[in-house]
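Taking it in order: structure first as structure tokens, then the write-up.
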Amino acid sequence: MNEIIKSLKVAVWFMFLTFPIMVIKVNTVYHIIEWRWMNMAMIGIGTFLISLLWRYLLERKDKKKPSDGVTLSARAQAYVQSRPLVKKGLGLAVLAALTVIPSFADAYQVNILTVALMYVVLGLGLNIVVGLAGLLDLGYVAFYAVGAYTYALLNHSFGLSFWIVLPLGGFFACIFGILLGFPVLRLRGDYLAIVTLGFGEIIRLVLENWSEFSHGPSGIAGIDRPNFFGLDLTLNQMNGAIYYMMIAFTIVTIFFVARLQNSRIGRAWLALREDDIACQAMGVGRTRTKLMAFALGATWAGLMGVVFAAKTSFINPASFTFLESAIILSIVVLGGMGSIPGVILGALIMILLPEYMRAFSQYRMLIFGGAMVVMMVFRPQGLVSNFRRKYSFHGMDERLGG
């Protein structure tokens, strides 16, 4: 009963706040005021029901026992991790499904799947910085822009091909990642986020205002698409070839990030994420560890920037706003920080759902904001939480006969 009274108070308060906007309508033609009382009733009922549901879910979450914390997804993940054959079988099944999609899907479907795979790679790159090393980066799109403009400028001015510029785009983005890493070595948390946000905006404003270098807001058009063995491909065939190229990129990125996660530098990143002071006390160099995270994460963003410029054949600074960084960060947070399957799932949800739900395009940001609030309250670890590994040493027990 107490929860019902609280929900009624919330509904009344919300009706009072929205009264001037939702109820009063001034008709400037006939100079009369229209009173839309039905809107107030709908707002009150809707707010009451949502508040009641919200309180019920919070109460259910608080009453959940610690033993109930092992969710179905965690059990499934542990099952897959403990059985390598099942893990490989699932991977091969997903790969086979992605491979045969262009044979029956139209060009639009292939195009949005290509974009989704690009964001998978971007999410995995940012996952190195945010998920593994625990460094909040809000300017990740800057490295994406560096890779795109590297290919656009070198192709436009010197005629260099996609395959030559691809490693150069990753290299230049890596250099910019190191340049960003040096000033922020002593920063953490909100301060680090503000500095990286400023860095991303500086890159965008430089590209927008330095017209002699970057062609300014007009952007660069006529960028050459990738050349696949000298074949003369139509537009649909080119899109299919880029799609298969992105599948290969995604596989290489997953393998690379998984090996990094299990390597010595990966364990150093995890230690840095948990407690950087304790990490330094244990002999792990914070400077090298942070710079490696920024450099490697930026490299994948630069590679995808080159692919983006080649795919669209036109870029301008408007393609690299803060919203892009927010989307990539949301992919990592929604999927699960540090979790490779989670980042993949988060990218597919964040990119594919808005395309397939264009009927609700006017409410896209509202739905997105509400979904993030619900996720942060009820599942802050993400859709697929990272599988925590435990390391134990049994050498002393064996010597003692234990």
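By order of appearance in the structure tokens: chains A, B, ..., then residues from 1 within every chain, and ligands from 1 in the order shown.
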
Region 152-167 of chain A: which residues within 8 Å, counting only C-alpha atoms, same-chain residues fewer than 2 positions away excluded, as a list in words? Ala148, Tyr149, Thr150, Gly169, Gly170, Phe171, Ser214, Ile220, Gly222, Ile223, Asp224, Arg225, Pro226, Asn227, Leu303, Val306, Val307, Ala309, Ala310 and Ile315 of chain A

Give the alpha helix (DSSP H) residues of region 274-315 of chain A, as DSSP finds them on the backbone, and put them as an MDAnalysis selection string. chainID A and resid 274 276:281 286:312

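Across the model, the gap from CA of Lys61 (chain A) to CA of Ala326 (chain A) is 28.1 Å.
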
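Reported to one decimal place, the separation of CA of Met292 (chain A) from CA of Leu138 (chain A) is 17.5 Å.
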
Nearest residue to Asn2 (chain A) from the set A:Phe255, A:Tyr56, A:Phe172, A:Phe378 (distances using only C-alpha atoms): A:Tyr56

Between CA of Gly230 (chain A) and CA of Tyr244 (chain A), measure the distance and give it in Å to one decimal. 16.6 Å

Can you work out which one of A:Leu197, A:Ala107, A:Ala142, A:Ile202 has the shortest atom-to-atom distance to Gln237 (chain A), counting only C-alpha atoms?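 Of all the options, A:Ala107 lies closest to Gln237 (chain A).
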
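Residues with any atom within 10 Å of Asn127 (chain A), counting only C-alpha atoms and excluding same-chain neighbours fewer than 6 positions away, are A:Val121, A:Ala133, A:Gly134, A:Leu135, A:Val257, A:Ala293, A:Gly297, A:Ile328, A:Leu329, A:Ile331, A:Val332, A:Val333, A:Gly336, A:Met337, A:Gly338, A:Ser339, A:Ile340, A:Val343.
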
Quick one: residues within 10 Å of Phe182 (chain A), only C-alpha atoms, excluding same-chain residues fewer than 2 positions away - as a ChimeraX atom specification? /A:177-180,184-186,287-288,290-291,294

In terms of the shortest atom-to-atom distance over only C-alpha atoms, which of A:Pro217, A:Gly285, A:Gly266, A:Gly44 is closest to Phe16 (chain A)?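 Smallest distance to Phe16 (chain A) is found for A:Gly44.
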
Nearest to Ala271 (chain A) by atom-to-atom distance, counting only C-alpha atoms, from A:Gly46, A:Leu132, A:Leu122, A:Tyr356: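 Distance minimum relative to Ala271 (chain A) lands on A:Leu132.
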
Counting only C-alpha atoms, which residue out of A:Gln381, A:Thr196, A:Asn39, A:Asn111 sits closest to Met22 (chain A)? A:Asn39

Compile the contact shell of Ile45 (chain A) as an NGL selection string: residues with an atom at most 12 Å away, counting only C-alpha atoms, same-chain residues fewer than 5 positions apart removed. :A and (7-12 or 14-15 or 38-40 or 50-52)

Sel. of strand (DSSP E) residues, region 17-211 of chain A, as a PyMOL selection string: chain A and resi 24-27+32-35
